[in-house]
Structure formats: C-alpha cells, structure tokens
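Trainee: Structure file coords-v9.txt (compact mmCIF, C-alpha atoms) is given on the next line.
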```txt
# COMPACT_ATOMS: atom_id res chain seq x y z
CA MET A 265 -18.95 -8.21 -26.60
CA GLU A 266 -19.94 -4.64 -27.30
CA GLU A 267 -16.89 -2.86 -26.05
CA SER A 268 -14.61 -3.62 -29.00
CA ALA A 269 -12.17 -0.92 -28.04
CA GLY A 270 -11.51 -2.77 -24.81
CA LEU A 271 -10.70 -1.51 -21.35
CA PRO A 272 -7.53 0.50 -20.77
CA HIS A 273 -5.12 -1.50 -18.65
CA ALA A 274 -4.86 0.29 -15.36
CA GLY A 275 -5.15 -1.27 -11.91
CA ILE A 276 -7.63 0.22 -9.50
CA SER A 277 -4.88 1.45 -7.15
CA THR A 278 -3.32 3.54 -9.90
CA ILE A 279 -6.72 5.06 -10.70
CA PHE A 280 -7.27 6.05 -7.07
CA GLY A 281 -3.69 7.32 -6.89
CA LEU A 282 -4.33 9.54 -9.92
CA LEU A 283 -7.46 10.97 -8.32
CA GLU A 284 -5.60 11.64 -5.09
CA VAL A 285 -2.85 13.47 -6.96
CA LEU A 286 -5.43 15.56 -8.81
CA ASP A 287 -7.23 16.30 -5.56
CA ASP A 288 -4.00 17.72 -4.17
CA ILE A 289 -3.74 20.18 -7.06
CA SER A 290 -7.35 21.37 -6.99
CA GLY A 291 -8.59 18.88 -9.53
CA ARG A 292 -7.09 20.09 -12.79
CA GLU A 293 -3.76 19.85 -14.58
CA ASP A 294 -2.14 19.87 -17.98
CA ILE A 295 -1.56 16.25 -18.98
CA PHE A 296 2.10 16.71 -19.92
CA LYS A 297 2.84 18.61 -16.71
CA LEU A 298 1.17 15.90 -14.70
CA ALA A 299 3.20 13.14 -16.33
CA ARG A 300 6.41 15.10 -15.73
CA SER A 301 5.59 15.83 -12.10
CA LEU A 302 4.94 12.13 -11.47
CA ASN A 303 8.04 11.06 -13.39
CA TYR A 304 5.78 9.02 -15.60
CA GLU A 305 6.15 8.38 -19.30
CA LEU A 306 3.02 9.75 -20.95
CA ASP A 307 2.48 6.30 -22.48
CA ASP A 308 2.24 4.82 -19.00
CA LEU A 309 -0.03 7.54 -17.64
CA LEU A 310 -2.45 7.47 -20.57
CA PRO A 311 -4.19 4.16 -19.71
CA VAL A 312 -4.70 5.32 -16.12
CA MET A 313 -6.23 8.59 -17.29
CA GLU A 314 -8.39 6.82 -19.86
CA ALA A 315 -9.59 4.36 -17.26
CA ALA A 316 -10.48 7.20 -14.91
CA GLU A 317 -12.32 8.90 -17.76
CA ILE A 318 -14.43 5.95 -18.85
CA LEU A 319 -15.38 5.43 -15.22
CA GLY A 320 -16.54 9.04 -15.05
CA PHE A 321 -13.97 10.27 -12.53
CA VAL A 322 -12.11 12.69 -14.81
CA GLN A 323 -12.54 14.51 -18.08
CA LEU A 324 -9.81 14.73 -20.69
CA GLU A 325 -10.13 17.84 -22.82
CA GLU A 326 -7.72 20.04 -24.79
CA GLY A 327 -4.63 18.66 -23.14
CA ASP A 328 -5.99 18.99 -19.61
CA ILE A 329 -7.26 16.44 -17.14
CA THR A 330 -10.01 17.58 -14.80
CA MET A 331 -11.55 15.69 -11.91
CA THR A 332 -15.34 15.43 -12.03
CA ALA A 333 -17.70 15.79 -9.08
CA LEU A 334 -17.94 12.00 -9.02
CA GLY A 335 -14.16 11.76 -8.98
CA LYS A 336 -14.10 14.10 -6.00
CA GLU A 337 -16.77 12.04 -4.30
CA ILE A 338 -14.90 8.78 -4.68
CA VAL A 339 -11.55 10.21 -3.61
CA GLU A 340 -13.12 11.50 -0.40
CA ALA A 341 -14.99 8.28 0.32
CA ASP A 342 -13.79 5.58 2.68
CA VAL A 343 -13.03 2.05 1.50
CA ASP A 344 -16.66 0.90 1.57
CA GLY A 345 -17.83 4.10 -0.11
CA ARG A 346 -15.29 3.65 -2.89
CA LYS A 347 -16.39 0.10 -3.55
CA HIS A 348 -20.01 1.13 -3.65
CA LEU A 349 -19.40 4.02 -6.05
CA LEU A 350 -17.14 1.94 -8.26
CA LYS A 351 -19.69 -0.84 -8.48
CA ARG A 352 -22.32 1.63 -9.66
CA ARG A 353 -19.98 2.97 -12.32
CA LEU A 354 -19.00 -0.50 -13.51
CA MET A 355 -22.66 -1.31 -14.05
CA CYS A 356 -22.70 1.55 -16.60
CA ARG A 357 -20.05 -0.19 -18.72
CA PRO A 358 -21.29 -2.62 -21.40
CA ILE A 359 -18.48 -5.07 -20.74
CA PHE A 360 -19.53 -5.46 -17.12
CA THR A 361 -23.29 -5.51 -17.72
CA GLU A 362 -22.79 -8.24 -20.31
CA ILE A 363 -20.69 -10.35 -17.98
CA VAL A 364 -23.19 -9.89 -15.16
CA ALA A 365 -26.06 -10.83 -17.50
CA ILE A 366 -24.24 -13.98 -18.58
CA LEU A 367 -23.60 -14.96 -14.96
CA ARG A 368 -27.19 -14.21 -13.89
CA ASP A 369 -28.39 -16.52 -16.62
CA ARG A 370 -26.55 -19.42 -15.05
CA ARG A 371 -28.33 -21.33 -12.30
CA ASP A 372 -25.36 -21.09 -9.95
CA ASN A 373 -24.30 -17.66 -11.25
CA ARG A 374 -20.93 -19.11 -12.26
CA GLN A 375 -19.16 -19.46 -15.57
CA SER A 376 -15.70 -20.55 -16.54
CA ARG A 377 -12.85 -18.20 -17.29
CA GLY A 378 -12.39 -20.03 -20.59
CA PHE A 379 -15.93 -19.12 -21.65
CA PHE A 380 -15.25 -15.42 -21.23
CA LEU A 381 -11.85 -15.64 -22.88
CA GLU A 382 -13.52 -17.14 -25.94
CA LEU A 383 -15.98 -14.27 -26.05
CA PHE A 384 -13.16 -11.76 -25.81
CA GLU A 385 -11.29 -13.59 -28.57
CA ASP A 386 -14.03 -12.57 -31.01
CA HIS A 387 -12.57 -9.08 -30.72
CA PHE A 388 -9.05 -9.45 -29.36
CA SER A 389 -5.97 -11.60 -29.72
CA PRO A 390 -5.59 -14.40 -27.12
CA GLU A 391 -2.98 -12.37 -25.21
CA GLU A 392 -5.11 -9.23 -25.24
CA SER A 393 -8.16 -11.25 -24.20
CA GLU A 394 -6.28 -12.41 -21.11
CA ARG A 395 -5.29 -8.84 -20.30
CA GLN A 396 -8.87 -7.64 -20.80
CA LEU A 397 -10.21 -10.29 -18.46
CA ASN A 398 -7.54 -9.48 -15.88
CA THR A 399 -8.53 -5.82 -15.92
CA VAL A 400 -12.20 -6.77 -15.64
CA LEU A 401 -11.34 -8.87 -12.61
CA ASP A 402 -9.07 -6.23 -11.04
CA TRP A 403 -11.91 -3.69 -11.11
CA GLY A 404 -14.80 -6.12 -10.63
CA ARG A 405 -13.27 -7.86 -7.63
CA TYR A 406 -12.35 -4.66 -5.86
CA ALA A 407 -15.88 -3.34 -6.43
CA GLU A 408 -17.21 -6.66 -5.07
CA LEU A 409 -19.28 -7.00 -8.21
CA LEU A 410 -17.52 -10.12 -9.45
CA GLY A 411 -15.72 -12.96 -7.83
CA TYR A 412 -13.14 -15.33 -9.24
CA ASN A 413 -12.15 -18.71 -7.89
CA PRO A 414 -8.63 -19.45 -9.11
CA ASP A 415 -8.87 -23.14 -8.21
CA THR A 416 -11.99 -23.82 -10.30
CA GLU A 417 -11.16 -20.99 -12.71
CA GLU A 418 -14.70 -19.69 -12.52
CA LEU A 419 -16.10 -16.21 -12.43
CA TYR A 420 -19.13 -15.70 -10.27
CA LEU A 421 -21.46 -12.97 -9.16
CA SER A 422 -20.82 -11.44 -5.79
CA GLU A 423 -23.56 -12.38 -3.28
CA GLU A 424 -25.44 -9.11 -3.33
CA GLU A 425 -26.14 -9.40 -7.03
CA MET B 1447 5.69 6.23 29.04
CA SER B 1448 7.15 5.79 25.57
CA LEU B 1449 5.98 2.80 23.59
CA LEU B 1450 9.42 2.03 22.22
CA GLU B 1451 12.76 3.30 23.40
CA LEU B 1452 16.15 2.70 21.86
CA LYS B 1453 19.09 3.37 24.16
CA GLU B 1454 22.49 3.58 22.47
CA VAL B 1455 21.78 0.63 20.23
CA THR B 1456 24.82 -0.67 18.42
CA LYS B 1457 25.02 -3.55 15.96
CA SER B 1458 28.28 -4.98 14.72
CA TYR B 1459 29.19 -8.02 12.69
CA GLN B 1460 32.39 -10.04 12.68
CA PHE B 1461 33.55 -10.23 9.08
CA GLU B 1462 36.70 -12.35 8.81
CA ASP B 1463 39.16 -10.45 11.02
CA THR B 1464 37.36 -7.14 11.01
CA GLU B 1465 34.45 -5.91 12.99
CA VAL B 1466 31.92 -4.03 10.91
CA THR B 1467 29.70 -1.65 12.81
CA VAL B 1468 26.39 -1.21 11.02
CA LEU B 1469 24.61 0.85 13.65
CA GLU B 1470 26.25 3.01 16.28
CA LYS B 1471 24.67 4.30 19.49
CA ILE B 1472 21.16 4.77 18.09
CA SER B 1473 18.82 6.42 20.59
CA PHE B 1474 15.27 7.61 20.02
CA VAL B 1475 11.74 7.01 21.26
CA VAL B 1476 8.39 6.26 19.70
CA GLU B 1477 5.44 7.54 21.69
CA PRO B 1478 1.99 5.96 21.61
CA ARG B 1479 -0.01 7.53 18.72
CA GLU B 1480 3.17 8.63 16.98
CA PHE B 1481 4.15 8.02 13.37
CA VAL B 1482 7.93 7.94 13.15
CA CYS B 1483 9.96 7.69 9.95
CA LEU B 1484 13.57 6.61 9.73
CA VAL B 1485 15.13 8.30 6.75
CA GLY B 1486 18.57 7.62 5.41
CA PRO B 1487 20.55 6.40 2.43
CA SER B 1488 20.99 2.72 1.58
CA GLY B 1489 23.30 0.87 3.89
CA CYS B 1490 22.64 2.96 6.98
CA GLY B 1491 21.19 -0.03 8.81
CA LYS B 1492 17.54 1.04 8.84
CA SER B 1493 16.25 -2.44 8.03
CA THR B 1494 18.58 -4.02 10.60
CA LEU B 1495 17.12 -1.65 13.15
CA LEU B 1496 13.56 -2.73 12.35
CA LYS B 1497 14.51 -6.37 12.68
CA MET B 1498 15.75 -5.66 16.19
CA VAL B 1499 12.57 -3.77 17.07
CA THR B 1500 10.50 -6.83 16.15
CA GLY B 1501 12.89 -9.01 18.12
CA LEU B 1502 14.13 -10.97 15.12
CA SER B 1503 17.70 -10.06 15.98
CA ALA B 1504 19.49 -8.62 18.99
CA PRO B 1505 21.78 -5.63 19.37
CA THR B 1506 25.49 -6.01 20.06
CA ALA B 1507 25.25 -3.25 22.64
CA GLY B 1508 22.55 -0.95 23.95
CA ARG B 1509 18.96 -1.70 24.83
CA PHE B 1510 15.49 -1.85 23.33
CA LEU B 1511 12.70 -1.09 25.74
CA TYR B 1512 9.08 -1.71 24.92
CA ARG B 1513 6.74 -0.07 27.42
CA GLY B 1514 9.73 0.26 29.71
CA ARG B 1515 10.71 -3.41 29.57
CA GLU B 1516 13.67 -4.88 27.76
CA ILE B 1517 12.81 -6.75 24.54
CA THR B 1518 14.09 -10.30 24.69
CA GLY B 1519 13.00 -12.53 21.87
CA ILE B 1520 10.12 -11.83 19.51
CA ASN B 1521 8.26 -8.63 20.30
CA ARG B 1522 4.61 -9.69 20.16
CA GLU B 1523 3.38 -6.12 20.15
CA ALA B 1524 5.09 -5.36 16.84
CA ALA B 1525 4.37 -6.58 13.32
CA MET B 1526 6.20 -6.01 10.06
CA VAL B 1527 5.30 -4.96 6.52
CA PHE B 1528 7.95 -5.58 3.86
CA GLN B 1529 9.01 -3.77 0.72
CA SER B 1530 8.72 -6.89 -1.42
CA PHE B 1531 5.41 -7.97 0.17
CA ALA B 1532 6.86 -11.35 1.30
CA LEU B 1533 3.70 -13.33 0.56
CA PHE B 1534 3.65 -17.09 0.14
CA PRO B 1535 2.68 -17.65 -3.50
CA TRP B 1536 1.06 -21.03 -2.82
CA LEU B 1537 -1.30 -19.57 -0.21
CA THR B 1538 -4.43 -17.57 -0.88
CA VAL B 1539 -4.95 -14.05 0.44
CA ARG B 1540 -6.87 -15.40 3.43
CA GLN B 1541 -4.26 -18.07 4.16
CA ASN B 1542 -1.43 -15.53 3.94
CA VAL B 1543 -3.24 -13.11 6.22
CA ALA B 1544 -4.21 -15.79 8.76
CA LEU B 1545 -0.77 -17.37 8.94
CA GLY B 1546 0.41 -15.42 11.96
CA LEU B 1547 -2.70 -16.25 13.96
CA GLU B 1548 -2.63 -19.87 12.90
CA ALA B 1549 0.96 -20.05 14.10
CA LEU B 1550 -0.15 -18.63 17.44
CA GLY B 1551 -2.43 -21.63 17.83
CA LEU B 1552 -5.80 -19.95 17.38
CA PRO B 1553 -8.61 -22.30 16.29
CA LYS B 1554 -9.53 -22.13 12.60
CA PRO B 1555 -12.95 -20.44 12.84
CA GLU B 1556 -11.43 -17.73 15.02
CA TYR B 1557 -8.37 -17.02 12.92
CA GLU B 1558 -10.43 -17.01 9.74
CA ARG B 1559 -12.90 -14.57 11.27
CA LYS B 1560 -10.11 -12.23 12.36
CA ALA B 1561 -8.34 -12.53 9.03
CA ASP B 1562 -11.57 -11.70 7.17
CA TYR B 1563 -12.12 -8.68 9.38
CA TYR B 1564 -8.74 -7.20 8.49
CA ILE B 1565 -8.99 -8.26 4.86
CA ASP B 1566 -12.14 -6.16 4.78
CA LYS B 1567 -10.39 -3.26 6.55
CA VAL B 1568 -7.74 -3.00 3.85
CA GLY B 1569 -10.31 -3.26 1.05
CA LEU B 1570 -9.60 -6.80 -0.08
CA ASP B 1571 -13.07 -8.12 0.73
CA GLY B 1572 -14.12 -10.37 -2.15
CA GLN B 1573 -10.54 -11.40 -2.94
CA GLU B 1574 -9.87 -13.75 -0.02
CA GLU B 1575 -9.45 -16.75 -2.29
CA ALA B 1576 -7.09 -15.09 -4.76
CA TYR B 1577 -3.46 -16.11 -5.05
CA PRO B 1578 -0.81 -13.39 -4.95
CA ARG B 1579 0.02 -13.88 -8.64
CA GLU B 1580 -3.45 -12.63 -9.57
CA LEU B 1581 -2.99 -9.37 -7.70
CA SER B 1582 -1.45 -6.04 -8.59
CA GLY B 1583 1.40 -4.69 -6.47
CA GLY B 1584 -0.95 -2.44 -4.57
CA MET B 1585 -3.27 -5.33 -3.74
CA LYS B 1586 -0.32 -7.49 -2.68
CA GLN B 1587 0.83 -4.84 -0.25
CA ARG B 1588 -2.70 -4.62 1.12
CA VAL B 1589 -2.35 -8.32 1.89
CA GLY B 1590 0.91 -7.56 3.67
CA LEU B 1591 -0.84 -4.87 5.68
CA ALA B 1592 -3.77 -7.11 6.57
CA ARG B 1593 -1.39 -9.86 7.64
CA ALA B 1594 0.44 -7.48 9.96
CA LEU B 1595 -2.75 -5.95 11.35
CA THR B 1596 -4.38 -9.33 11.98
CA VAL B 1597 -2.08 -10.08 14.90
CA GLU B 1598 -3.35 -6.77 16.34
CA PRO B 1599 0.00 -5.15 17.01
CA GLU B 1600 0.42 -1.89 18.89
CA LEU B 1601 3.42 -1.02 16.77
CA LEU B 1602 3.53 -1.47 13.02
CA CYS B 1603 7.01 -1.63 11.54
CA MET B 1604 7.21 -0.90 7.83
CA ASP B 1605 10.35 -1.37 5.77
CA GLU B 1606 10.14 0.77 2.63
CA PRO B 1607 6.55 -0.45 2.14
CA PHE B 1608 5.86 1.64 -0.97
CA SER B 1609 9.22 1.43 -2.74
CA ALA B 1610 8.23 -1.49 -4.95
CA LEU B 1611 5.07 0.27 -6.12
CA ASP B 1612 4.57 2.73 -8.97
CA ALA B 1613 4.12 6.37 -7.97
CA LEU B 1614 0.33 6.41 -8.28
CA THR B 1615 -0.21 3.16 -6.38
CA ALA B 1616 2.19 4.41 -3.70
CA THR B 1617 0.12 7.61 -3.40
CA ASN B 1618 -3.02 5.51 -2.96
CA LEU B 1619 -1.49 3.14 -0.39
CA ARG B 1620 0.10 5.94 1.66
CA GLU B 1621 -3.29 7.50 2.19
CA GLU B 1622 -4.80 4.15 3.12
CA VAL B 1623 -2.07 3.50 5.70
CA ILE B 1624 -2.69 6.90 7.29
CA ASP B 1625 -6.43 6.09 7.41
CA LEU B 1626 -5.72 2.77 9.11
CA TRP B 1627 -3.40 4.40 11.62
CA GLN B 1628 -6.06 6.97 12.45
CA ASP B 1629 -8.77 4.31 12.77
CA LYS B 1630 -9.63 4.38 16.47
CA THR B 1631 -11.26 0.97 16.35
CA LEU B 1632 -7.90 -0.71 15.78
CA PRO B 1633 -5.49 -1.49 18.63
CA LEU B 1634 -2.70 -0.05 16.49
CA LYS B 1635 -1.02 2.82 18.27
CA ALA B 1636 2.21 3.75 16.54
CA ILE B 1637 4.00 3.20 13.28
CA LEU B 1638 7.75 3.08 12.69
CA MET B 1639 8.49 3.32 9.00
CA VAL B 1640 11.74 3.17 7.10
CA THR B 1641 11.99 5.13 3.88
CA HIS B 1642 14.64 6.65 1.66
CA SER B 1643 12.21 9.33 0.47
CA ILE B 1644 12.11 12.59 2.36
CA GLU B 1645 8.82 13.63 0.75
CA GLU B 1646 7.26 10.39 1.86
CA ALA B 1647 8.57 10.87 5.40
CA VAL B 1648 7.22 14.43 5.55
CA PHE B 1649 3.87 13.19 4.27
CA MET B 1650 3.54 10.36 6.77
CA ALA B 1651 5.45 11.20 9.93
CA ASP B 1652 5.03 13.18 13.12
CA LYS B 1653 8.74 12.76 13.70
CA ILE B 1654 11.59 12.05 11.31
CA ILE B 1655 14.83 10.42 12.44
CA VAL B 1656 17.56 11.21 9.95
CA MET B 1657 20.35 8.67 9.75
CA SER B 1658 23.79 8.78 8.23
CA THR B 1659 25.52 5.76 6.83
CA ARG B 1660 28.59 3.63 7.51
CA PRO B 1661 28.06 3.37 10.36
CA GLY B 1662 24.40 4.24 10.78
CA ARG B 1663 24.02 7.04 13.29
CA VAL B 1664 21.20 9.37 14.15
CA THR B 1665 22.17 12.79 12.83
CA LYS B 1666 18.95 14.64 13.43
CA GLU B 1667 15.50 14.30 14.91
CA ILE B 1668 12.87 16.52 13.32
CA GLU B 1669 9.29 17.13 14.34
CA VAL B 1670 6.97 17.64 11.38
CA PRO B 1671 4.71 20.57 12.24
CA LEU B 1672 2.11 19.99 9.53
CA THR B 1673 -1.55 19.29 10.25
CA ARG B 1674 -3.29 16.38 8.57
CA PRO B 1675 -4.52 15.72 5.95
CA ARG B 1676 -1.26 16.65 4.31
CA ASN B 1677 -0.82 17.75 0.74
CA MET B 1678 2.51 17.30 -1.04
CA LYS B 1679 1.70 20.20 -3.35
CA GLU B 1680 1.08 22.76 -0.66
CA GLU B 1681 3.58 25.52 0.05
CA ALA B 1682 3.97 24.60 3.72
CA PHE B 1683 4.70 20.98 2.83
CA MET B 1684 7.35 21.88 0.29
CA GLN B 1685 8.95 24.28 2.76
CA VAL B 1686 9.32 21.60 5.42
CA THR B 1687 10.72 19.19 2.83
CA ASP B 1688 13.25 21.80 1.67
CA GLU B 1689 14.35 22.49 5.25
CA ILE B 1690 14.98 18.81 5.86
CA TYR B 1691 16.91 18.46 2.62
CA SER B 1692 19.15 21.37 3.64
CA LEU B 1693 19.72 19.87 7.06
CA ILE B 1694 20.78 16.59 5.51
CA VAL B 1695 23.00 18.24 2.90
CA SER B 1696 24.67 20.58 5.39
CA ARG B 1697 25.19 17.66 7.74
CA ALA B 1698 26.74 15.61 4.93
CA GLU B 1699 29.06 18.48 4.09
CA GLU B 1700 30.08 18.84 7.71
CA SER B 1701 31.03 15.17 7.87
CA LYS B 1702 33.02 15.52 4.66
CA GLY B 1703 34.83 18.43 6.30
CA GLU B 1704 35.53 16.26 9.35
CA ALA B 1705 36.86 13.47 7.17
CA ILE B 1706 39.41 15.84 5.64
```
Write out the structure in this file as structure tokens.
Mentor:
Amino acid sequence: MEESAGLPHAGISTIFGLLEVLDDISGREDIFKLARSLNYELDDLLPVMEAAEILGFVQLEEGDITMTALGKEIVEADVDGRKHLLKRRLMCRPIFTEIVAILRDRRDNRQSRGFFLELFEDHFSPEESERQLNTVLDWGRYAELLGYNPDTEELYLSEEE
Amino acid sequence: MSLLELKEVTKSYQFEDTEVTVLEKISFVVEPREFVCLVGPSGCGKSTLLKMVTGLSAPTAGRFLYRGREITGINREAAMVFQSFALFPWLTVRQNVALGLEALGLPKPEYERKADYYIDKVGLDGQEEAYPRELSGGMKQRVGLARALTVEPELLCMDEPFSALDALTATNLREEVIDLWQDKTLPLKAILMVTHSIEEAVFMADKIIVMSTRPGRVTKEIEVPLTRPRNMKEEAFMQVTDEIYSLIVSRAEESKGEAI
C-alpha cells in the first residue's frame, strides 16, 4: 500500500458538516477559533480537517482553514452530486485506486476483508489496519465506489465500476 | 384546516398515592407545510407529547385532532425518528427501513422497492446490506429517517434527532432533513421536532413552542421570521436566538417570582 501515512479517521458526515460550517462563515477561519466555536477539542477536529484537505475540499495554511472551489461545489450539491464528486476525489487517492485495481483483477470483482487487512498490516498495527479499512469503507460506500457484504465479509466494486 | 391540533392536552400519572401531572393544558397547531419545534428543558414532557401525537399513548384529558378528526389508536399519518436511532442490530439497513411496511402486510418486492427508494433519498444507496454496527452515528440516523419516510407519513415526529451526534454530523444531518422536508416529491408535509437547543430550533423551525417544566406547559409560541436557507452565523439569526433566550429567561424569572 502506497499511502503509508494512512487516512485520517473522520466519517463522511463530519467532513460535510465541517464544509457546511465553513460555508456559513464565508469559507475561511482560524483553526483555533473554529475548534472553539464548535466546542471541539483541536485533537478531535484535526482528523476532520485533514480528511477534508486530502480530499481537496479545504486548504490548511498558516493556522487557517479555507474552503476550496471544490469544497464549495460539494457543499452546494445535492445527495447524488455529493456522491459523484466524492467518488471522483477518491479515485485520486492511492489507497482507493489500489483497492479498486485489486478488485478489478478478480473475476467477480470481490475480495475478502481479511486480504485487505493483511495488506494494511504491512504498514499498520492490526488495530490501526481495522480502523483504516473502516474509514476506507465509510468513504467508499457513501461514494458508491465500494461495497461491503458483512455476511460474506467481502469488499466488492460498485456496479458502475 | 390544520394538520394537527392539540386542545388542552393534559397527561397525568398515578404514582403511589399522588397524581403527577407531566403535561398541563397543552394547546397548539401544526399547519400543513409547517416545521414546528418544541423547545424546553428536560422533564417538560416533550417526548411524552410526541408519543401521544403518534398515537402510542393517550392523553388523560384534552384532545388530539388530526385533520379535524380525533386521534384514536396509532396515527398512521405520523412517523417517528428517535434520538438513539432505535435500530434493530440484527437487521440490515434495508430490513430496518422496510420493517414498518412489512408489518403493514405489503408484499416483499413492493416493500423492498419502497425501502430502496427512501434509502437512496437519504444517501444510503450502496449500504442496504450493512448492519447498524458498521455505520457511523450520522449514517444510523439516516437509517432512522429512511425508516420513518418509507411509510410515507404526512407528519414526521422527531425526538431530539441530533442530540446523540457530534456537532459536525448534526450540522450535516440538519441540512439534509431540511432538504427532505422541502422535497416536493415526498408526501411529507409537516415536521414536529423536539429539541433542547434553541439555536437548533431557530435553524429548523417556522414556529417554536416554548415549554416550561413540572408540569409541562406552553409558555410561548414564537414565529421565526427568517428566510431559508438559514445561517447560524448571520446577524439576523443570532438576533432571533437572543430574543428567544431573553423570553425564556424573563419567563423563568417571572415564575420564580410567582413561586415566592
């Protein structure tokens, strides 16, 4: 897996919530002020901001967080628009392109959860590997890029892929 | 005609030899296309009130009218969304959402089709097979919403639906609920929401019913004169919120004065 730093652990709802808050204040705020105004510990807000940044929705610079044009676009989109935009952004992340490539390689486009956990465990502890995969699934499922069957414990590609 | 009308609704419980009145002479209306918030401190009977609106319990005195007719038994035009999501952990998203329709006796292909439609509406498309334990709080509440919307209610009752969510997820879900309410393709007409947050009420509601506690009484009915989309950071928004706070505080001080 290329992304040895791993994904920041933030659910998709918190990322959208952050963008909506920023949209309300014209797209830019000092990071400390933002945390205070949300009654958030900075430690808890950081992963959400980092997630938004790696997805291209905000920029973090000199203590400020600024919404990008893409961030504005996704916050104004409807549910389908958000999924579409998110899917495009996920396909720019090595972790997702690798997983998609692995699944495409399989005849039925399916692969076990255990397989991916083992790959993650080359870079992360077993606990962190689980968390990484959960974040991948939180984002990937919402974007309708990936599917996960909890009964068979298999990841699969969403139909359109 | 109002969609929902409460006329002097009172609810009391017999507790050993005393009678405890939880709600006293509650009267208000919900019009079609109205978003009404009930705001009040814990213990003012807001949740009890919602239960009676859905027909899950009956008042001790007073009447509930839905479209002018007395509610007796389960109100089929209303559906509920809960603070703690109330999902069955052994059922998938689709099974949880379809439960109400299945219970109504709809054939499987039909209830699955309807469930999938509303699962898509709330953004859970692609997660129908997931179990609640795999989902974040925000996703779980989307399931709760889909489940309520699937029975195609005219009136959505929500009991502190965002209180169990972190601030950012709550922000996200609030906007999505407003979008669903404004979606003209849905039969949903009105929403009655209980919250303890004044900001949340000012963000969501056309009308706020302020309640006092022990017993729960309506102390004030306030129209929210803000256009949508609303912005919690705007001057006008903060002004309305401040006004409501003052009304509640001055009212509380008056009652203290009365008690002396």
Trainee: Find the residue from A:Cys356, A:Leu334, A:Leu286, A:Leu306 that sits nearest to chain B; use all atoms listed in the file when measuring.
Mentor: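 Closest residue, counting all atoms listed in the file: A:Leu286.
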Trainee: Report, in Å to a single decimal, how far apart atom CA of A:Met331 and atom CA of A:Glu293 are.
Mentor: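 Answer for the atom CA of A:Glu293 to atom CA of A:Met331 separation: 9.2 Å.
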Trainee: Between B:Val1656, B:Val1670, B:Leu1614, B:Leu1638, which has the minimum distance to chain A (counting all atoms listed in the file)?
Mentor: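 With all atoms listed in the file as the atom set, the closest residue is B:Leu1614.
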Trainee: Residues within 7 Å of A:Asp288, please, as an MDAnalysis selection string. Count all atoms listed in the file; anything in the same chain fewer than 2 positions from it doesn't count.
Mentor: (chainID A and resid 284:286 290) or (chainID B and resid 1677 1679)
Trainee: Kindly indicate which residue among A:Glu408, A:Glu337, A:Asp328, A:Glu305 lies nearest to A:Leu354, using all atoms listed in the file for the distances.
Mentor: A:Glu408
Trainee: Find the residues of chain B in contact range of chain A, meaning any atom within 9 Å when counting all atoms listed in the file, and list them as an MDAnalysis selection string.
Mentor: chainID B and resid 1566:1573 1575:1577 1580:1585 1612:1619 1621:1622 1625 1676:1680
Trainee: Write the selection just made, keeping C-alpha atoms, as a compact mmCIF listing (two decimals), in the frame of the given file?
Mentor:
```
# COMPACT_ATOMS: atom_id res chain seq x y z
CA ASP B 1566 -12.14 -6.16 4.78
CA LYS B 1567 -10.39 -3.26 6.55
CA VAL B 1568 -7.74 -3.00 3.85
CA GLY B 1569 -10.31 -3.26 1.05
CA LEU B 1570 -9.60 -6.80 -0.08
CA ASP B 1571 -13.07 -8.12 0.73
CA GLY B 1572 -14.12 -10.37 -2.15
CA GLN B 1573 -10.54 -11.40 -2.94
CA GLU B 1575 -9.45 -16.75 -2.29
CA ALA B 1576 -7.09 -15.09 -4.76
CA TYR B 1577 -3.46 -16.11 -5.05
CA GLU B 1580 -3.45 -12.63 -9.57
CA LEU B 1581 -2.99 -9.37 -7.70
CA SER B 1582 -1.45 -6.04 -8.59
CA GLY B 1583 1.40 -4.69 -6.47
CA GLY B 1584 -0.95 -2.44 -4.57
CA MET B 1585 -3.27 -5.33 -3.74
CA ASP B 1612 4.57 2.73 -8.97
CA ALA B 1613 4.12 6.37 -7.97
CA LEU B 1614 0.33 6.41 -8.28
CA THR B 1615 -0.21 3.16 -6.38
CA ALA B 1616 2.19 4.41 -3.70
CA THR B 1617 0.12 7.61 -3.40
CA ASN B 1618 -3.02 5.51 -2.96
CA LEU B 1619 -1.49 3.14 -0.39
CA GLU B 1621 -3.29 7.50 2.19
CA GLU B 1622 -4.80 4.15 3.12
CA ASP B 1625 -6.43 6.09 7.41
CA ARG B 1676 -1.26 16.65 4.31
CA ASN B 1677 -0.82 17.75 0.74
CA MET B 1678 2.51 17.30 -1.04
CA LYS B 1679 1.70 20.20 -3.35
CA GLU B 1680 1.08 22.76 -0.66
```
Trainee: Any idea what's packed within 10 Å of A:Thr416, counting only C-alpha atoms, ignoring anything in its chain fewer than 5 positions away? Could you give it as a PyMOL selection string?
Mentor: chain A and resi 375-377
Trainee: What's the separation between atom CA of B:Ser1643 and atom CA of B:Gly1486, in Å to one decimal place?
Mentor: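 Value for the atom CA of B:Ser1643-atom CA of B:Gly1486 distance: 8.2 Å.
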Trainee: Using all atoms listed in the file, find the one residue out of B:Arg1515, B:Arg1663, B:Arg1674, B:Lys1653 that sits nearest to B:Val1482.
Mentor: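 Between B:Arg1515, B:Arg1663, B:Arg1674, B:Lys1653, the residue approaching B:Val1482 most closely is B:Lys1653.
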Trainee: Can you tell me, as an NGL selection string, what residues are no more than 12 Å from A:Arg371 when counting only C-alpha atoms, ignoring any on the same chain fewer than 4 positions away?
Mentor: :A and (365-367 or 375 or 420-421)
Trainee: Of the candidates A:Glu340, A:Glu326, A:Glu391, A:Glu314, which one gets nearest to A:Ala269 if we count only C-alpha atoms?
Mentor: A:Glu314
Trainee: For the point (-2.0, -5.8, 13.8) in file coordinates, what residues are within 10 Å, counting all atoms listed in the file? Give the answer as a PyMOL selection string?
Mentor: chain B and resi 1522-1526+1564+1591-1602+1632-1635
Trainee: Using all atoms listed in the file, find all polymer residues with an atom at most 7 Å away from the point (-12.5, -0.5, -16.7); report them as a PyMOL selection string.
Mentor: chain A and resi 271-272+315+319+399-400+403
